[in-house]
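So this one's final-v1.csv, CSV, C-alpha atoms:
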```
chain,number,residue,atom,x,y,z
A,1,MET,CA,-101.6,-29.2,35.3
A,2,SER,CA,-100.0,-29.7,31.9
A,3,ALA,CA,-99.8,-25.9,31.4
A,4,ARG,CA,-98.2,-25.4,34.8
A,5,LEU,CA,-95.7,-28.2,34.1
A,6,ALA,CA,-94.7,-26.7,30.7
A,7,SER,CA,-94.2,-23.3,32.3
A,8,ALA,CA,-92.0,-24.7,35.0
A,9,ARG,CA,-89.9,-26.6,32.5
A,10,LEU,CA,-89.5,-23.4,30.4
A,11,ALA,CA,-88.5,-21.4,33.5
A,12,SER,CA,-85.9,-24.0,34.4
A,13,ALA,CA,-84.5,-24.0,30.9
A,14,LEU,CA,-84.2,-20.2,30.9
A,15,LEU,CA,-82.4,-20.3,34.2
A,16,ALA,CA,-79.9,-22.9,32.9
A,17,SER,CA,-79.2,-20.8,29.8
A,18,ALA,CA,-78.5,-17.8,32.0
A,19,ARG,CA,-76.1,-19.8,34.1
A,20,LEU,CA,-74.3,-21.1,31.0
A,21,ALA,CA,-74.0,-17.6,29.6
A,22,SER,CA,-72.6,-16.4,32.9
A,23,THR,CA,-70.0,-19.2,32.9
A,24,VAL,CA,-69.0,-18.5,29.3
A,25,LEU,CA,-68.6,-14.8,30.0
A,26,ALA,CA,-66.4,-15.6,33.0
A,27,SER,CA,-64.3,-18.0,31.0
A,28,THR,CA,-63.9,-15.4,28.2
A,29,ARG,CA,-62.7,-12.8,30.7
A,30,LEU,CA,-60.3,-15.3,32.2
A,31,ALA,CA,-58.9,-16.2,28.8
A,32,SER,CA,-58.5,-12.5,27.9
A,33,ALA,CA,-56.6,-11.9,31.2
A,34,CYS,CA,-54.2,-14.8,30.4
A,35,VAL,CA,-53.7,-13.9,26.8
A,36,ALA,CA,-53.3,-10.1,27.3
A,37,PRO,CA,-49.9,-10.3,29.0
A,38,LEU,CA,-48.7,-12.6,26.3
A,39,VAL,CA,-49.8,-10.2,23.6
A,40,ARG,CA,-48.2,-7.2,25.3
A,41,ARG,CA,-45.0,-8.8,26.5
A,42,PRO,CA,-43.1,-8.6,23.2
A,43,PHE,CA,-43.6,-4.9,23.1
A,44,VAL,CA,-42.3,-4.5,26.6
A,45,ALA,CA,-39.3,-6.8,26.0
A,46,ALA,CA,-38.4,-5.4,22.6
A,47,PRO,CA,-36.0,-2.7,23.8
A,48,ALA,CA,-34.2,-5.2,26.0
A,49,LEU,CA,-33.9,-7.7,23.2
A,50,ALA,CA,-32.6,-5.0,20.9
A,51,LEU,CA,-30.0,-4.0,23.4
A,52,LEU,CA,-28.9,-7.6,23.8
A,53,SER,CA,-28.6,-7.8,20.0
A,54,VAL,CA,-26.5,-4.7,19.8
A,55,LEU,CA,-24.2,-5.9,22.6
A,56,ALA,CA,-23.8,-9.2,20.8
A,57,LEU,CA,-22.5,-7.6,17.6
A,58,PRO,CA,-18.7,-7.3,17.1
A,59,ALA,CA,-17.2,-3.9,17.7
A,60,PRO,CA,-16.9,-1.9,14.5
A,61,ALA,CA,-13.5,-1.9,12.9
A,62,VAL,CA,-11.5,1.3,13.4
A,63,ALA,CA,-10.3,2.9,10.2
A,64,VAL,CA,-6.6,3.9,10.4
A,65,THR,CA,-4.7,5.7,7.7
A,66,GLY,CA,-0.9,5.7,7.8
A,67,LEU,CA,1.1,8.1,5.6
A,68,VAL,CA,4.5,6.9,4.6
A,69,VAL,CA,6.8,9.8,3.6
A,70,GLY,CA,10.0,8.2,2.4
A,71,ASP,CA,12.6,7.9,-0.3
A,72,SER,CA,13.5,5.1,-2.7
A,73,ILE,CA,13.7,2.5,0.2
A,74,SER,CA,10.0,2.9,0.8
A,75,ALA,CA,9.2,3.6,-2.9
A,76,ALA,CA,10.3,0.1,-3.7
A,77,TYR,CA,13.0,1.3,-6.1
A,78,GLY,CA,13.7,-1.3,-8.8
A,79,LEU,CA,10.7,-3.4,-7.9
A,80,ALA,CA,7.0,-3.5,-8.5
A,81,GLU,CA,5.3,-1.2,-5.9
A,82,LYS,CA,3.2,-4.1,-4.6
A,83,ASP,CA,6.4,-6.0,-3.7
A,84,GLY,CA,7.8,-3.2,-1.5
A,85,TRP,CA,7.8,-3.3,2.3
A,86,VAL,CA,5.0,-0.7,2.6
A,87,ARG,CA,2.4,-2.6,0.6
A,88,LEU,CA,3.4,-5.9,2.2
A,89,ALA,CA,3.1,-4.4,5.7
A,90,GLU,CA,-0.3,-3.1,4.8
A,91,ALA,CA,-1.4,-6.6,3.8
A,92,ARG,CA,-0.1,-8.0,7.1
A,93,LEU,CA,-1.8,-5.3,9.2
A,94,ARG,CA,-5.1,-5.9,7.5
A,95,GLU,CA,-5.2,-9.5,8.9
A,96,ASP,CA,-5.9,-7.9,12.3
A,97,TYR,CA,-7.2,-4.4,11.2
A,98,PRO,CA,-9.1,-4.8,8.0
A,99,ASP,CA,-9.6,-1.0,7.6
A,100,VAL,CA,-6.0,0.0,7.8
A,101,GLU,CA,-4.6,1.9,4.8
A,102,LEU,CA,-0.9,2.8,4.2
A,103,VAL,CA,-0.7,5.7,1.8
A,104,ASN,CA,2.8,5.5,0.2
A,105,ALA,CA,3.9,9.0,-0.5
A,106,SER,CA,7.5,8.1,-1.0
A,107,ILE,CA,9.7,9.5,-3.8
A,108,SER,CA,13.0,8.1,-4.9
A,109,GLY,CA,15.9,10.5,-4.3
A,110,ASP,CA,13.9,12.6,-1.8
A,111,THR,CA,15.6,14.2,1.2
A,112,THR,CA,14.4,15.4,4.6
A,113,GLY,CA,14.1,18.9,3.1
A,114,GLY,CA,12.0,17.7,0.3
A,115,GLY,CA,9.8,15.7,2.6
A,116,LEU,CA,9.3,18.7,4.8
A,117,GLN,CA,8.2,20.8,1.9
A,118,ARG,CA,5.5,18.4,0.7
A,119,LEU,CA,4.3,17.1,4.0
A,120,PRO,CA,1.7,19.9,4.7
A,121,ALA,CA,-0.2,19.2,1.5
A,122,ALA,CA,-0.1,15.4,2.2
A,123,LEU,CA,-1.5,15.9,5.7
A,124,GLU,CA,-4.3,18.1,4.4
A,125,ARG,CA,-5.2,15.6,1.7
A,126,PHE,CA,-5.0,12.3,3.5
A,127,GLU,CA,-5.7,13.3,7.2
A,128,PRO,CA,-3.6,10.4,8.5
A,129,ASP,CA,-3.7,8.9,11.9
A,130,LEU,CA,-0.1,7.8,11.6
A,131,VAL,CA,2.8,9.4,9.8
A,132,ILE,CA,5.8,7.3,9.1
A,133,ILE,CA,9.0,9.2,8.2
A,134,GLU,CA,11.6,7.3,6.3
A,135,LEU,CA,14.0,9.9,5.1
A,136,GLY,CA,17.6,10.9,5.6
A,137,GLY,CA,19.5,8.3,3.5
A,138,ASN,CA,19.9,10.7,0.6
A,139,ASP,CA,20.9,13.5,3.0
A,140,GLY,CA,23.8,11.3,4.2
A,141,LEU,CA,24.8,10.2,0.8
A,142,ARG,CA,25.1,13.8,-0.2
A,143,GLY,CA,27.0,14.8,2.9
A,144,TYR,CA,24.3,17.1,4.2
A,145,PRO,CA,24.9,18.3,7.8
A,146,PRO,CA,23.3,15.9,10.3
A,147,LYS,CA,22.0,18.7,12.5
A,148,ALA,CA,20.1,20.2,9.5
A,149,MET,CA,18.7,16.8,8.7
A,150,GLN,CA,17.6,16.4,12.4
A,151,LYS,CA,15.9,19.8,12.3
A,152,ASN,CA,14.0,18.8,9.2
A,153,ILE,CA,12.8,15.5,10.7
A,154,GLU,CA,11.8,17.3,13.9
A,155,ALA,CA,9.8,19.9,11.9
A,156,MET,CA,8.0,17.1,10.0
A,157,ALA,CA,7.2,15.3,13.3
A,158,GLU,CA,5.9,18.4,14.8
A,159,LEU,CA,3.7,19.2,11.8
A,160,ALA,CA,2.3,15.6,11.9
A,161,GLY,CA,1.7,15.8,15.6
A,162,ALA,CA,-0.1,19.1,15.3
A,163,SER,CA,-2.5,17.5,12.8
A,164,GLY,CA,-3.4,14.9,15.4
A,165,ALA,CA,-1.2,12.0,14.0
A,166,GLU,CA,1.1,9.7,15.8
A,167,VAL,CA,4.7,9.7,14.4
A,168,LEU,CA,7.1,6.9,13.6
A,169,ILE,CA,10.6,7.7,12.6
A,170,LEU,CA,12.5,5.0,10.7
A,171,GLY,CA,16.2,5.6,11.2
A,172,MET,CA,19.0,5.0,8.8
A,173,LYS,CA,22.8,4.5,8.8
A,174,ILE,CA,25.5,5.2,6.3
A,175,PRO,CA,28.7,3.4,5.4
A,176,SER,CA,31.7,4.1,7.7
A,177,ASN,CA,33.7,5.5,4.8
A,178,TYR,CA,32.0,8.8,5.4
A,179,GLY,CA,34.2,9.2,8.4
A,180,ALA,CA,33.7,8.1,12.0
A,181,ALA,CA,32.5,11.5,13.3
A,182,TYR,CA,30.0,12.1,10.4
A,183,THR,CA,28.7,8.5,10.7
A,184,ARG,CA,28.1,8.8,14.4
A,185,LEU,CA,26.4,12.2,14.2
A,186,PHE,CA,24.2,11.0,11.3
A,187,GLY,CA,23.0,8.0,13.3
A,188,GLU,CA,22.4,10.0,16.4
A,189,ALA,CA,20.2,12.5,14.6
A,190,PHE,CA,17.3,10.2,14.3
A,191,ALA,CA,17.2,9.3,18.0
A,192,ALA,CA,17.6,12.9,18.9
A,193,ALA,CA,14.7,13.9,16.7
A,194,ALA,CA,12.5,11.2,18.1
A,195,GLU,CA,13.3,12.2,21.7
A,196,THR,CA,12.7,15.9,21.0
A,197,THR,CA,9.3,15.4,19.4
A,198,ASP,CA,8.2,12.3,21.5
A,199,ALA,CA,7.9,10.3,18.3
A,200,THR,CA,8.3,6.5,18.1
A,201,LEU,CA,11.6,5.3,16.7
A,202,VAL,CA,12.9,2.3,14.9
A,203,PRO,CA,16.6,3.1,15.0
A,204,PHE,CA,17.7,1.4,11.8
A,205,LEU,CA,15.2,0.2,9.1
A,206,LEU,CA,17.7,-2.0,7.3
A,207,GLU,CA,19.0,-3.7,10.4
A,208,PRO,CA,17.8,-7.2,9.6
A,209,ILE,CA,19.4,-7.2,6.1
A,210,ALA,CA,22.4,-4.9,6.3
A,211,GLY,CA,24.9,-7.6,7.1
A,212,ASP,CA,24.3,-9.6,3.9
A,213,ARG,CA,25.2,-8.2,0.5
A,214,ALA,CA,22.8,-10.7,-1.2
A,215,ASN,CA,19.9,-8.7,0.3
A,216,PHE,CA,20.6,-5.8,-2.0
A,217,GLN,CA,20.3,-5.1,-5.7
A,218,SER,CA,23.3,-4.6,-7.9
A,219,ASP,CA,23.7,-1.0,-6.7
A,220,GLY,CA,24.4,-2.2,-3.2
A,221,ILE,CA,21.9,0.3,-1.8
A,222,HIS,CA,18.3,-0.8,-2.5
A,223,PRO,CA,16.9,-4.0,-1.0
A,224,THR,CA,15.8,-6.9,-3.2
A,225,ALA,CA,12.3,-8.2,-3.4
A,226,GLU,CA,13.4,-11.2,-1.3
A,227,ALA,CA,14.6,-8.8,1.5
A,228,GLN,CA,11.3,-6.8,1.7
A,229,PRO,CA,9.5,-9.3,4.0
A,230,LEU,CA,12.4,-9.0,6.4
A,231,LEU,CA,11.9,-5.3,6.6
A,232,VAL,CA,8.2,-5.9,7.2
A,233,GLU,CA,8.9,-8.2,10.1
A,234,HIS,CA,11.2,-5.6,11.6
A,235,VAL,CA,8.7,-2.8,11.5
A,236,LEU,CA,5.4,-4.6,12.0
A,237,PRO,CA,5.5,-5.0,15.8
A,238,THR,CA,5.9,-1.2,16.2
A,239,LEU,CA,3.1,-0.5,13.7
A,240,ARG,CA,0.8,-2.9,15.4
A,241,ASP,CA,1.4,-1.3,18.8
A,242,MET,CA,0.8,2.1,17.5
A,243,ILE,CA,-2.5,1.1,15.7
A,244,ALA,CA,-3.6,-0.7,18.9
A,245,GLU,CA,-3.0,2.4,21.0
A,246,ARG,CA,-4.9,4.5,18.4
A,247,GLU,CA,-7.8,2.0,18.6
A,248,ASP,CA,-7.9,2.2,22.4
A,249,GLU,CA,-8.0,6.0,22.2
A,250,THR,CA,-11.0,6.0,19.9
A,251,SER,CA,-13.0,3.2,21.5
```

Can you give me the file's structure in the form of structure tokens?
Amino acid sequence: MSARLASARLASALLASARLASTVLASTRLASACVAPLVRRPFVAAPALALLSVLALPAPAVAVTGLVVGDSISAAYGLAEKDGWVRLAEARLREDYPDVELVNASISGDTTGGGLQRLPAALERFEPDLVIIELGGNDGLRGYPPKAMQKNIEAMAELAGASGAEVLILGMKIPSNYGAAYTRLFGEAFAAAAETTDATLVPFLLEPIAGDRANFQSDGIHPTAEAQPLLVEHVLPTLRDMIAEREDETS
């Protein structure tokens, strides 16, 4: 009887162990089933998370290069170059467009003919997005024919346009003592050149300062350092619009 009882108890113990093992195995499988999706999910969601991260980043700044082809007015004659309207305008533009650069290729005493001769090399070297033409004042002071000046400006605008750049023409006026007819034809030449070439026009660069002699140096021609910010405020809205349009085209 004792041997049979011992055998029965052993069999019962073995059966209980088997049931426990089965329960443990089932629990392990259930745990694996629950954990597996959690382990795999990051790999499935990674592309979506990466896309969201990219979309959350700010749009890259568009680099814009402007080439200023001018005379002494843009070359900051009598002043430090950093105090001229070109460099001041660049600083203001960079508040909204950090990658804007204005290359100042202005030469004191230059004419539209001189600008036309040196423009092709400048276009090739700097590959500008904008070309700002500020020439003609010396043509007028030397009494050059307004029609010839107009043709030179048109040729410059066409060269710049063919290179892929947008063009801004900054117009000029001369004193009335050159005669009414010449003064009128001179002023009209800038508007006619802009219309012919579909360029943007600021009719008179010196408009905000022309009425006050105190805005000019002792020669009565070149603006003072104090007047330069007024020129910037005059030109800045047009430059901002042109850069914004350029940005829209490339985005």

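Reported to one decimal place, the separation of atom CA of A:Val64 from atom CA of A:Ile243 is 7.3 Å.
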
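Using all atoms listed in the file, the smallest distance between any of A:Gly84, A:Pro203, A:Gly161, A:Gly66 and A:Pro120 comes from A:Gly161.
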
Exercise. Around (18.2, 15.9, 8.2) in the file's frame, which residues reach within 9 Å when counting all atoms listed in the file? Return as a count of residues only?
Worked result: 21

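Those residues that approach A:Asp129 to within 8 Å, counting all atoms listed in the file, are A:Val64, A:Thr65, A:Gly66, A:Leu67, A:Glu127, A:Val131, A:Gly164, A:Ala165, A:Glu166, A:Arg246; same-chain residues fewer than 2 positions away are not listed.
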
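Atom CA of A:Val167 sits 5.9 Å away from atom CA of A:Leu130.
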
For this session: For atom CA of A:Trp85 and atom CA of A:Phe204, determine how far apart the two atoms are, in Å to one decimal place.
Result: 14.5 Å

Seminar exercise, completed: If you count all atoms listed in the file, the residue of A:Leu93, A:Val103, A:Leu119, A:Val232 closest to A:Ile209 turns out to be A:Val232
